[in-house]
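Written out below as structure tokens is the structure these notes cover.
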Amino acid sequence: MSKNTNEAENRVTLFLQVLSLTYSAHYELVQTIRKKILNVNKSNDVAIKEEMKYGGILFAEEEAFCGIFVYANHISLEFGEGANLPDQFGVLEGKGKFRRHIKLVTIADIESKHLMHYVKLAHQHSLST
């Protein structure tokens with residue numbers, strides 16, 4: 001494992017440790033989302049990588065496809081190319097040229113807002129561009 005990979009893992013680990021001590025409810029939600037994202041391409045031999053960037057955890061295989069950002073009252077899963085994703089369930093928020101996000105408050109929001117549907121779409125989109 002490269003030094004940069006170890007450094008990225010250490011930064012994510014530190015972020016999660018601080019989060020667990022300061023916002024325990026957010027920590028549980030972030031960890032649940034994170035584990036699901038890291039397993040989005042189980043059939044592929046290439047692992048999803050994560051790194052701390054822009055104040056959140058970004059996920060990438062070849063290109064970044066989403067990120068988890070923690071706010072005082074919610075978690076935001078952000079898609080850098082979210083405007084290009086079909087919004088079948090009407091849950092994507094944002095009006096910018098590219099970025100869209102989904103706000104989450106509880107673990108139940110993962111299912112009710114069809115989070116993994118959008119993560120899979122964003123992951124596939126990142127591999128096709």
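Following the order of the structure tokens, chains are lettered A, B, ..., residues in each are numbered from 1, and ligands are numbered from 1.
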- Message: Please return, as JSON, numbers by chain, all residues of chain A that DSSP assigns to helix (DSSP H, G or I) on the basis of the backbone.
- Response: {"A": [3, 4, 5, 6, 7, 8, 9, 10, 11, 12, 13, 14, 15, 16, 17, 18, 19, 20, 21, 22, 24, 25, 26, 27, 28, 29, 30, 31, 32, 33, 34, 35, 36, 37, 38, 82, 83, 84, 108, 109, 110, 111, 112, 115, 116, 117, 118, 119, 120, 121, 122, 123, 124, 125, 126, 127, 128]}
Would you export the selected residues with C-alpha atoms as a PDB file, in the first residue's frame, please?
```
ATOM      1  CA  LYS A   3       2.230   6.144   1.484  1.00  0.00           C
ATOM      2  CA  ASN A   4      -0.523   8.300  -0.037  1.00  0.00           C
ATOM      3  CA  THR A   5      -3.086   5.533   0.464  1.00  0.00           C
ATOM      4  CA  ASN A   6      -2.046   5.133   4.104  1.00  0.00           C
ATOM      5  CA  GLU A   7      -2.219   8.884   4.635  1.00  0.00           C
ATOM      6  CA  ALA A   8      -5.718   9.042   3.100  1.00  0.00           C
ATOM      7  CA  GLU A   9      -6.883   6.139   5.294  1.00  0.00           C
ATOM      8  CA  ASN A  10      -5.411   7.806   8.387  1.00  0.00           C
ATOM      9  CA  ARG A  11      -7.217  11.083   7.624  1.00  0.00           C
ATOM     10  CA  VAL A  12     -10.540   9.274   7.167  1.00  0.00           C
ATOM     11  CA  THR A  13      -9.972   7.303  10.397  1.00  0.00           C
ATOM     12  CA  LEU A  14      -9.178  10.492  12.340  1.00  0.00           C
ATOM     13  CA  PHE A  15     -12.257  12.231  10.934  1.00  0.00           C
ATOM     14  CA  LEU A  16     -14.445   9.288  11.984  1.00  0.00           C
ATOM     15  CA  GLN A  17     -12.913   9.163  15.472  1.00  0.00           C
ATOM     16  CA  VAL A  18     -13.607  12.859  16.035  1.00  0.00           C
ATOM     17  CA  LEU A  19     -17.128  12.470  14.638  1.00  0.00           C
ATOM     18  CA  SER A  20     -17.841   9.544  16.992  1.00  0.00           C
ATOM     19  CA  LEU A  21     -16.895  11.712  19.962  1.00  0.00           C
ATOM     20  CA  THR A  22     -18.759  14.847  18.882  1.00  0.00           C
ATOM     21  CA  SER A  24     -22.528  10.020  17.801  1.00  0.00           C
ATOM     22  CA  ALA A  25     -25.839   9.898  15.874  1.00  0.00           C
ATOM     23  CA  HIS A  26     -24.131  11.353  12.788  1.00  0.00           C
ATOM     24  CA  TYR A  27     -21.269   8.890  13.220  1.00  0.00           C
ATOM     25  CA  GLU A  28     -23.624   5.896  13.024  1.00  0.00           C
ATOM     26  CA  LEU A  29     -25.326   7.283   9.902  1.00  0.00           C
ATOM     27  CA  VAL A  30     -22.010   8.135   8.204  1.00  0.00           C
ATOM     28  CA  GLN A  31     -20.596   4.674   8.937  1.00  0.00           C
ATOM     29  CA  THR A  32     -23.701   2.959   7.576  1.00  0.00           C
ATOM     30  CA  ILE A  33     -23.622   4.995   4.350  1.00  0.00           C
ATOM     31  CA  ARG A  34     -19.856   4.611   4.038  1.00  0.00           C
ATOM     32  CA  LYS A  35     -19.963   0.821   4.289  1.00  0.00           C
ATOM     33  CA  LYS A  36     -22.662   0.648   1.625  1.00  0.00           C
ATOM     34  CA  ILE A  37     -20.697   2.889  -0.746  1.00  0.00           C
ATOM     35  CA  LEU A  38     -17.463   0.943  -0.254  1.00  0.00           C
ATOM     36  CA  GLY A  82     -25.534  14.809  -9.997  1.00  0.00           C
ATOM     37  CA  ALA A  83     -27.253  17.036 -12.554  1.00  0.00           C
ATOM     38  CA  ASN A  84     -26.525  14.297 -15.101  1.00  0.00           C
ATOM     39  CA  ALA A 108     -34.265   5.068   7.639  1.00  0.00           C
ATOM     40  CA  ASP A 109     -33.566   7.842   5.098  1.00  0.00           C
ATOM     41  CA  ILE A 110     -31.073   5.546   3.349  1.00  0.00           C
ATOM     42  CA  GLU A 111     -33.944   3.360   2.154  1.00  0.00           C
ATOM     43  CA  SER A 112     -36.728   5.926   1.932  1.00  0.00           C
ATOM     44  CA  LEU A 115     -29.717   6.317  -1.596  1.00  0.00           C
ATOM     45  CA  MET A 116     -27.998   3.296  -3.101  1.00  0.00           C
ATOM     46  CA  HIS A 117     -29.919   3.667  -6.358  1.00  0.00           C
ATOM     47  CA  TYR A 118     -28.280   7.087  -6.799  1.00  0.00           C
ATOM     48  CA  VAL A 119     -24.869   5.907  -5.587  1.00  0.00           C
ATOM     49  CA  LYS A 120     -24.894   3.108  -8.174  1.00  0.00           C
ATOM     50  CA  LEU A 121     -25.959   5.517 -10.926  1.00  0.00           C
ATOM     51  CA  ALA A 122     -23.224   7.992  -9.969  1.00  0.00           C
ATOM     52  CA  HIS A 123     -20.629   5.205  -9.814  1.00  0.00           C
ATOM     53  CA  GLN A 124     -21.622   3.919 -13.262  1.00  0.00           C
ATOM     54  CA  HIS A 125     -21.624   7.461 -14.649  1.00  0.00           C
ATOM     55  CA  SER A 126     -18.109   8.061 -13.310  1.00  0.00           C
ATOM     56  CA  LEU A 127     -16.838   4.970 -15.126  1.00  0.00           C
ATOM     57  CA  SER A 128     -18.406   5.995 -18.429  1.00  0.00           C
TER      58      SER A 128
END
```
What's the 8 Å shell around Ala64 (chain A), counting only C-alpha atoms, without same-chain residues fewer than 4 positions away, as an mmCIF file with C-alpha atoms, in the first residue's frame?
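Written file, part.cif:
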```cif
data_model
loop_
_atom_site.group_PDB
_atom_site.id
_atom_site.type_symbol
_atom_site.label_atom_id
_atom_site.label_comp_id
_atom_site.auth_asym_id
_atom_site.auth_seq_id
_atom_site.Cartn_x
_atom_site.Cartn_y
_atom_site.Cartn_z
ATOM 1 C CA LEU A 58 -14.939 11.470 -1.171
ATOM 2 C CA PHE A 59 -15.360 8.099 -2.860
ATOM 3 C CA ALA A 60 -13.761 7.134 -6.172
ATOM 4 C CA GLY A 80 -20.382 16.150 -8.285
ATOM 5 C CA SER A 126 -18.109 8.061 -13.310
#
```
- Measure the distance from CA of Ala47 (chain A) to CA of Leu85 (chain A) in Å and round it to one decimal. 22.6 Å
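For the choices A:Asn41, A:Gly90, A:Leu104, A:Phe98, the atom-to-atom distance to Ile68 (chain A) is smallest for A:Leu104 when using only C-alpha atoms.
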- Item | Test item, strand (DSSP E or B) assignment across chain A, answer as a PyMOL selection string | chain A and resi 49-53+56-60+64-70+75-79+93+100-104
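Using only C-alpha atoms, the nearest neighbour of Glu61 (chain A) within the list A:Asn39, A:Gln88, A:Ser76, A:Thr106 is A:Asn39.
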